[in-house]
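**Student:** My structure is in final-v4.pdb, and what it holds is PDB, C-alpha atoms, pLDDT in the B column:
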```
ATOM      1  CA  MET A   1      -8.247   8.222 -12.203  1.00 92.00           C
ATOM      2  CA  ASP A   2      -6.330  11.326 -13.156  1.00 94.00           C
ATOM      3  CA  LEU A   3      -4.373  11.649 -16.380  1.00 96.00           C
ATOM      4  CA  GLU A   4      -0.962  11.340 -14.728  1.00 97.00           C
ATOM      5  CA  ASN A   5      -1.913   8.045 -13.055  1.00 96.00           C
ATOM      6  CA  GLN A   6      -3.293   6.756 -16.352  1.00 97.00           C
ATOM      7  CA  LYS A   7       0.040   7.582 -17.959  1.00 97.00           C
ATOM      8  CA  ARG A   8       1.944   5.738 -15.212  1.00 97.00           C
ATOM      9  CA  VAL A   9      -0.269   2.657 -15.517  1.00 98.00           C
ATOM     10  CA  LEU A  10       0.221   2.597 -19.281  1.00 98.00           C
ATOM     11  CA  GLU A  11       4.001   2.998 -18.971  1.00 98.00           C
ATOM     12  CA  PHE A  12       4.270   0.250 -16.335  1.00 98.00           C
ATOM     13  CA  SER A  13       2.135  -2.139 -18.365  1.00 98.00           C
ATOM     14  CA  GLU A  14       4.340  -1.531 -21.418  1.00 97.00           C
ATOM     15  CA  LYS A  15       7.562  -1.888 -19.423  1.00 98.00           C
ATOM     16  CA  TYR A  16       6.640  -4.921 -17.274  1.00 98.00           C
ATOM     17  CA  GLY A  17       3.778  -6.499 -19.226  1.00 98.00           C
ATOM     18  CA  ALA A  18       0.096  -6.145 -18.363  1.00 97.00           C
ATOM     19  CA  GLU A  19       0.034  -9.700 -17.007  1.00 97.00           C
ATOM     20  CA  ASN A  20       2.527  -8.603 -14.300  1.00 98.00           C
ATOM     21  CA  ILE A  21       0.627  -5.544 -13.060  1.00 97.00           C
ATOM     22  CA  VAL A  22      -1.945  -5.417 -10.263  1.00 97.00           C
ATOM     23  CA  VAL A  23      -3.691  -2.116  -9.600  1.00 98.00           C
ATOM     24  CA  LEU A  24      -4.706  -1.505  -6.002  1.00 97.00           C
ATOM     25  CA  LEU A  25      -7.338   1.167  -5.370  1.00 97.00           C
ATOM     26  CA  GLY A  26      -8.448   2.954  -2.237  1.00 96.00           C
ATOM     27  CA  ALA A  27     -11.408   5.012  -3.490  1.00 96.00           C
ATOM     28  CA  ALA A  28     -13.945   5.985  -0.843  1.00 95.00           C
ATOM     29  CA  ASP A  29     -17.001   4.881  -2.829  1.00 96.00           C
ATOM     30  CA  ALA A  30     -18.041   2.114  -5.192  1.00 97.00           C
ATOM     31  CA  GLU A  31     -18.626   4.447  -8.131  1.00 97.00           C
ATOM     32  CA  GLY A  32     -15.156   5.989  -7.905  1.00 97.00           C
ATOM     33  CA  ALA A  33     -13.493   2.610  -7.482  1.00 98.00           C
ATOM     34  CA  GLY A  34     -15.509   1.205 -10.373  1.00 97.00           C
ATOM     35  CA  LEU A  35     -14.575   4.042 -12.687  1.00 97.00           C
ATOM     36  CA  ALA A  36     -10.864   3.653 -11.923  1.00 97.00           C
ATOM     37  CA  CYS A  37     -11.113  -0.128 -12.298  1.00 98.00           C
ATOM     38  CA  GLU A  38     -12.878   0.163 -15.633  1.00 97.00           C
ATOM     39  CA  THR A  39     -10.240   2.639 -16.788  1.00 98.00           C
ATOM     40  CA  VAL A  40      -7.322   0.230 -16.237  1.00 98.00           C
ATOM     41  CA  GLU A  41      -9.200  -2.772 -17.560  1.00 97.00           C
ATOM     42  CA  ALA A  42     -11.301  -1.526 -20.496  1.00 97.00           C
ATOM     43  CA  GLY A  43      -9.909   1.954 -21.210  1.00 97.00           C
ATOM     44  CA  ASP A  44     -10.790   5.465 -20.089  1.00 96.00           C
ATOM     45  CA  PRO A  45     -14.600   5.738 -20.279  1.00 93.00           C
ATOM     46  CA  THR A  46     -14.377   9.547 -20.192  1.00 91.00           C
ATOM     47  CA  PHE A  47     -12.268   9.552 -23.392  1.00 93.00           C
ATOM     48  CA  ALA A  48      -9.927  12.117 -21.852  1.00 92.00           C
ATOM     49  CA  GLY A  49      -6.740  10.328 -20.862  1.00 94.00           C
ATOM     50  CA  PRO A  50      -3.879   8.189 -22.114  1.00 97.00           C
ATOM     51  CA  LEU A  51      -5.946   5.021 -21.617  1.00 97.00           C
ATOM     52  CA  THR A  52      -8.686   6.151 -24.014  1.00 96.00           C
ATOM     53  CA  GLY A  53      -9.342   3.197 -26.279  1.00 95.00           C
ATOM     54  CA  VAL A  54      -6.661   1.111 -24.533  1.00 96.00           C
ATOM     55  CA  SER A  55      -8.004  -2.130 -23.097  1.00 97.00           C
ATOM     56  CA  LEU A  56      -5.231  -3.344 -20.783  1.00 98.00           C
ATOM     57  CA  GLY A  57      -7.362  -5.878 -18.879  1.00 98.00           C
ATOM     58  CA  LEU A  58      -5.265  -5.356 -15.745  1.00 98.00           C
ATOM     59  CA  ALA A  59      -6.010  -7.100 -12.477  1.00 97.00           C
ATOM     60  CA  CYS A  60      -7.565  -4.405 -10.297  1.00 98.00           C
ATOM     61  CA  TYR A  61      -8.713  -4.631  -6.688  1.00 98.00           C
ATOM     62  CA  HIS A  62      -9.817  -2.373  -3.862  1.00 98.00           C
ATOM     63  CA  VAL A  63      -7.682  -2.432  -0.729  1.00 97.00           C
ATOM     64  CA  CYS A  64     -10.720  -3.410   1.384  1.00 97.00           C
ATOM     65  CA  GLU A  65     -11.659  -6.491  -0.632  1.00 97.00           C
ATOM     66  CA  GLU A  66     -11.209  -9.624   1.446  1.00 96.00           C
ATOM     67  CA  GLU A  67      -8.794 -11.387  -0.923  1.00 94.00           C
ATOM     68  CA  VAL A  68      -6.528  -8.328  -0.865  1.00 95.00           C
ATOM     69  CA  LYS A  69      -6.921  -7.682   2.836  1.00 94.00           C
ATOM     70  CA  GLN A  70      -5.588 -11.187   3.552  1.00 94.00           C
ATOM     71  CA  GLU A  71      -2.320 -10.345   1.773  1.00 95.00           C
ATOM     72  CA  PHE A  72      -1.401  -7.543   4.188  1.00 94.00           C
ATOM     73  CA  ASP A  73       0.482  -7.832   7.416  1.00 96.00           C
ATOM     74  CA  GLU A  74      -2.337  -7.515   9.965  1.00 95.00           C
ATOM     75  CA  ALA A  75      -0.623  -4.725  11.929  1.00 97.00           C
ATOM     76  CA  VAL A  76       0.040  -2.692   8.784  1.00 96.00           C
ATOM     77  CA  TYR A  77      -3.557  -3.067   7.600  1.00 96.00           C
ATOM     78  CA  GLU A  78      -4.836  -2.063  11.029  1.00 95.00           C
ATOM     79  CA  GLU A  79      -2.646   1.024  11.101  1.00 96.00           C
ATOM     80  CA  GLN A  80      -3.099   2.147   7.495  1.00 94.00           C
ATOM     81  CA  VAL A  81      -6.558   1.023   6.343  1.00 95.00           C
ATOM     82  CA  SER A  82      -8.863  -0.133   9.142  1.00 94.00           C
ATOM     83  CA  MET A  83     -10.172   3.334  10.060  1.00 94.00           C
ATOM     84  CA  MET A  84     -11.148   3.963   6.447  1.00 93.00           C
ATOM     85  CA  GLU A  85     -12.718   0.523   6.153  1.00 93.00           C
ATOM     86  CA  MET A  86     -15.109   1.298   9.029  1.00 93.00           C
ATOM     87  CA  VAL A  87     -16.791   4.121   7.100  1.00 95.00           C
ATOM     88  CA  LEU A  88     -16.866   2.509   3.648  1.00 96.00           C
ATOM     89  CA  ASP A  89     -19.570   0.344   2.168  1.00 97.00           C
ATOM     90  CA  VAL A  90     -17.178  -2.534   1.538  1.00 97.00           C
ATOM     91  CA  ASP A  91     -19.910  -4.843   0.227  1.00 97.00           C
ATOM     92  CA  GLU A  92     -20.981  -2.305  -2.397  1.00 98.00           C
ATOM     93  CA  ILE A  93     -17.378  -1.653  -3.421  1.00 98.00           C
ATOM     94  CA  THR A  94     -16.668  -5.388  -3.677  1.00 98.00           C
ATOM     95  CA  GLU A  95     -19.781  -5.958  -5.772  1.00 98.00           C
ATOM     96  CA  GLU A  96     -18.810  -3.125  -8.132  1.00 98.00           C
ATOM     97  CA  MET A  97     -15.241  -4.360  -8.480  1.00 98.00           C
ATOM     98  CA  ASN A  98     -16.307  -7.978  -9.059  1.00 98.00           C
ATOM     99  CA  GLY A  99     -18.699  -6.950 -11.820  1.00 98.00           C
ATOM    100  CA  ILE A 100     -16.080  -4.952 -13.671  1.00 97.00           C
ATOM    101  CA  ARG A 101     -13.430  -7.661 -13.304  1.00 97.00           C
ATOM    102  CA  GLU A 102     -15.851 -10.293 -14.625  1.00 98.00           C
ATOM    103  CA  GLU A 103     -16.539  -8.176 -17.681  1.00 97.00           C
ATOM    104  CA  PHE A 104     -13.122  -6.728 -18.547  1.00 97.00           C
ATOM    105  CA  CYS A 105     -10.213  -8.333 -16.672  1.00 97.00           C
ATOM    106  CA  LYS A 106      -7.832 -10.410 -18.799  1.00 97.00           C
ATOM    107  CA  PHE A 107      -5.303 -11.195 -16.043  1.00 95.00           C
ATOM    108  CA  CYS A 108      -7.360 -11.932 -12.920  1.00 89.00           C
TER     109      CYS A 108
END
```
Could you show the structure in this file as structure tokens?

**Tutor:**
Amino acid sequence: MDLENQKRVLEFSEKYGAENIVVLLGAADAEGAGLACETVEAGDPTFAGPLTGVSLGLACYHVCEEEVKQEFDEAVYEEQVSMMEMVLDVDEITEEMNGIREEFCKFC
């Protein structure tokens, strides 16, 4: 997660309350999704951005996780996400996201 997005997440969590924020990711691999998820839940593990040392515990999901997928209008999901979903390892991404949420999420 780049520094500008970290800044936005921090500002939104301060403005609206961390318990009211859900971060939705679309990373193409489990490692990238996991790193972004860990960043918004436990703080920036690279110690480079605004979330360094900031444990927000935000709810964080990948757009292809089943519980998130069910929230979309089916036609919108089909048009916007389904092509990407076909080439992703959704099971690996889901496993990565679940592990990080279990360890760090305060508002899931």

**Student:** Identify which of the residues A:Ala30, A:Leu3, A:Leu24, A:Leu10 lies closest to Val90 (chain A), counting only C-alpha atoms when measuring atom-to-atom distances.

**Tutor:** A:Ala30

**Student:** One decimal, Å: what's the distance from CA of Tyr61 (chain A) over to CA of Leu25 (chain A), could you say?

**Tutor:**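 CA of Tyr61 (chain A) sits 6.1 Å away from CA of Leu25 (chain A).
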
**Student:** Considering all atoms listed in the file, can you say which of A:Gly34, A:Val9, A:Gly26, A:Cys64 comes closest to Glu96 (chain A)?

**Tutor:**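 So, comparing all the options, the nearest one is A:Gly34.
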
**Student:** Evaluate the PyMOL selection byres ((chain A and resi 62) around 12) against this structure - the residues, as an NGL selection string, please.

**Tutor:** :A and (22-37 or 59-61 or 63-69 or 81 or 85 or 88-98 or 100-101)

**Student:** Residues within 12 Å of (-6.6, -14.5, -15.9), file coordinates, counting only C-alpha atoms: what are they? Give the list as a list in words.

**Tutor:**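 Here the neighbourhood of the point contains Ala18, Glu19, Asn20, Ile21, Val22, Gly57, Leu58, Ala59, Cys60, Arg101, Glu102, Glu103, Phe104, Cys105, Lys106, Phe107 and Cys108 of chain A.
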
**Student:** Would you export the selected residues with C-alpha atoms as a PDB file, keeping the file's coordinate frame, please?

**Tutor:**
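Full text of result26.pdb as output:
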```pdb
ATOM      1  CA  ALA A  18       0.096  -6.145 -18.363  1.00 97.00           C
ATOM      2  CA  GLU A  19       0.034  -9.700 -17.007  1.00 97.00           C
ATOM      3  CA  ASN A  20       2.527  -8.603 -14.300  1.00 98.00           C
ATOM      4  CA  ILE A  21       0.627  -5.544 -13.060  1.00 97.00           C
ATOM      5  CA  VAL A  22      -1.945  -5.417 -10.263  1.00 97.00           C
ATOM      6  CA  GLY A  57      -7.362  -5.878 -18.879  1.00 98.00           C
ATOM      7  CA  LEU A  58      -5.265  -5.356 -15.745  1.00 98.00           C
ATOM      8  CA  ALA A  59      -6.010  -7.100 -12.477  1.00 97.00           C
ATOM      9  CA  CYS A  60      -7.565  -4.405 -10.297  1.00 98.00           C
ATOM     10  CA  ARG A 101     -13.430  -7.661 -13.304  1.00 97.00           C
ATOM     11  CA  GLU A 102     -15.851 -10.293 -14.625  1.00 98.00           C
ATOM     12  CA  GLU A 103     -16.539  -8.176 -17.681  1.00 97.00           C
ATOM     13  CA  PHE A 104     -13.122  -6.728 -18.547  1.00 97.00           C
ATOM     14  CA  CYS A 105     -10.213  -8.333 -16.672  1.00 97.00           C
ATOM     15  CA  LYS A 106      -7.832 -10.410 -18.799  1.00 97.00           C
ATOM     16  CA  PHE A 107      -5.303 -11.195 -16.043  1.00 95.00           C
ATOM     17  CA  CYS A 108      -7.360 -11.932 -12.920  1.00 89.00           C
TER      18      CYS A 108
END
```

**Student:** With all atoms listed in the file counted, which protein, DNA or RNA residues have an atom no more than 9 Å from (-3.7, 5.0, -23.4) in the file frame? Please answer as JSON, numbers by chain.

**Tutor:** {"A": [6, 7, 9, 10, 43, 44, 49, 50, 51, 52, 53, 54, 55, 56]}

**Student:** Please, what distance in Å, to one decimal, runs between CA of Asp2 (chain A) and CA of Val87 (chain A)?

**Tutor:**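 CA of Val87 (chain A) lies 23.9 Å from CA of Asp2 (chain A).
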
**Student:** Provide the CA of Asn5 (chain A) to CA of Val40 (chain A) distance in Å, to one decimal place.

**Tutor:**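 About the pair CA of Asn5 (chain A) and CA of Val40 (chain A): they are 10.0 Å apart.
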
**Student:** Which centre and edge lengths in Å to one decimal define the box along x, y and z that fits every listed atom of region 73-91 of chain A plus 3 Å per side, as lines of an AutoDock Vina configuration file?

**Tutor:**
```
center_x = -9.7
center_y = -1.9
center_z = 6.1
size_x = 26.4
size_y = 18.0
size_z = 17.7
```

**Student:** Please reconstruct the missing atoms of region 85-108 of chain A (target: N, CA, C and O atoms) and return them as a tab-separated table (two decimals), in the coordinates of the input.

**Tutor:**
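Result file out.tsv:
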```tsv
chain	number	residue	atom	x	y	z
A	85	GLU	N	-11.82	1.64	6.41
A	85	GLU	CA	-12.72	0.52	6.15
A	85	GLU	C	-14.02	0.63	6.97
A	85	GLU	O	-15.08	0.24	6.49
A	86	MET	N	-13.93	1.20	8.16
A	86	MET	CA	-15.11	1.30	9.03
A	86	MET	C	-16.18	2.22	8.46
A	86	MET	O	-17.36	2.05	8.77
A	87	VAL	N	-15.81	3.17	7.63
A	87	VAL	CA	-16.79	4.12	7.10
A	87	VAL	C	-17.18	3.84	5.65
A	87	VAL	O	-18.04	4.52	5.10
A	88	LEU	N	-16.56	2.85	5.03
A	88	LEU	CA	-16.87	2.51	3.65
A	88	LEU	C	-17.94	1.44	3.57
A	88	LEU	O	-18.09	0.63	4.47
A	89	ASP	N	-18.64	1.43	2.45
A	89	ASP	CA	-19.57	0.34	2.17
A	89	ASP	C	-18.79	-0.71	1.39
A	89	ASP	O	-18.79	-0.73	0.16
A	90	VAL	N	-18.08	-1.56	2.14
A	90	VAL	CA	-17.18	-2.53	1.54
A	90	VAL	C	-17.94	-3.52	0.65
A	90	VAL	O	-17.45	-3.90	-0.42
A	91	ASP	N	-19.13	-3.91	1.05
A	91	ASP	CA	-19.91	-4.84	0.23
A	91	ASP	C	-20.26	-4.24	-1.12
A	91	ASP	O	-20.15	-4.90	-2.16
A	92	GLU	N	-20.64	-2.98	-1.14
A	92	GLU	CA	-20.98	-2.31	-2.40
A	92	GLU	C	-19.74	-2.15	-3.27
A	92	GLU	O	-19.79	-2.38	-4.49
A	93	ILE	N	-18.63	-1.79	-2.67
A	93	ILE	CA	-17.38	-1.65	-3.42
A	93	ILE	C	-16.98	-3.00	-4.01
A	93	ILE	O	-16.63	-3.09	-5.20
A	94	THR	N	-17.04	-4.05	-3.21
A	94	THR	CA	-16.67	-5.39	-3.68
A	94	THR	C	-17.56	-5.83	-4.82
A	94	THR	O	-17.08	-6.38	-5.83
A	95	GLU	N	-18.84	-5.59	-4.71
A	95	GLU	CA	-19.78	-5.96	-5.77
A	95	GLU	C	-19.45	-5.22	-7.07
A	95	GLU	O	-19.43	-5.81	-8.15
A	96	GLU	N	-19.17	-3.94	-6.96
A	96	GLU	CA	-18.81	-3.12	-8.13
A	96	GLU	C	-17.53	-3.64	-8.78
A	96	GLU	O	-17.45	-3.82	-10.00
A	97	MET	N	-16.53	-3.89	-7.97
A	97	MET	CA	-15.24	-4.36	-8.48
A	97	MET	C	-15.37	-5.74	-9.13
A	97	MET	O	-14.83	-5.98	-10.21
A	98	ASN	N	-16.11	-6.64	-8.50
A	98	ASN	CA	-16.31	-7.98	-9.06
A	98	ASN	C	-16.98	-7.92	-10.42
A	98	ASN	O	-16.58	-8.62	-11.35
A	99	GLY	N	-17.99	-7.08	-10.55
A	99	GLY	CA	-18.70	-6.95	-11.82
A	99	GLY	C	-17.80	-6.46	-12.95
A	99	GLY	O	-17.85	-6.98	-14.07
A	100	ILE	N	-16.97	-5.49	-12.65
A	100	ILE	CA	-16.08	-4.95	-13.67
A	100	ILE	C	-15.00	-5.96	-14.03
A	100	ILE	O	-14.68	-6.16	-15.20
A	101	ARG	N	-14.45	-6.63	-13.02
A	101	ARG	CA	-13.43	-7.66	-13.30
A	101	ARG	C	-14.01	-8.78	-14.17
A	101	ARG	O	-13.36	-9.25	-15.10
A	102	GLU	N	-15.23	-9.22	-13.84
A	102	GLU	CA	-15.85	-10.29	-14.62
A	102	GLU	C	-16.01	-9.89	-16.09
A	102	GLU	O	-15.87	-10.72	-16.98
A	103	GLU	N	-16.30	-8.64	-16.32
A	103	GLU	CA	-16.54	-8.18	-17.68
A	103	GLU	C	-15.26	-7.87	-18.47
A	103	GLU	O	-15.18	-8.17	-19.66
A	104	PHE	N	-14.26	-7.28	-17.80
A	104	PHE	CA	-13.12	-6.73	-18.55
A	104	PHE	C	-11.74	-7.30	-18.22
A	104	PHE	O	-10.82	-7.11	-19.00
A	105	CYS	N	-11.56	-7.93	-17.09
A	105	CYS	CA	-10.21	-8.33	-16.67
A	105	CYS	C	-9.69	-9.51	-17.50
A	105	CYS	O	-10.36	-10.52	-17.65
A	106	LYS	N	-8.49	-9.35	-18.02
A	106	LYS	CA	-7.83	-10.41	-18.80
A	106	LYS	C	-6.83	-11.18	-17.94
A	106	LYS	O	-6.43	-12.28	-18.31
A	107	PHE	N	-6.39	-10.60	-16.82
A	107	PHE	CA	-5.30	-11.20	-16.04
A	107	PHE	C	-5.68	-11.43	-14.59
A	107	PHE	O	-4.81	-11.38	-13.71
A	108	CYS	N	-6.93	-11.69	-14.31
A	108	CYS	CA	-7.36	-11.93	-12.92
A	108	CYS	C	-7.28	-13.42	-12.58
A	108	CYS	O	-7.39	-14.26	-13.41
```
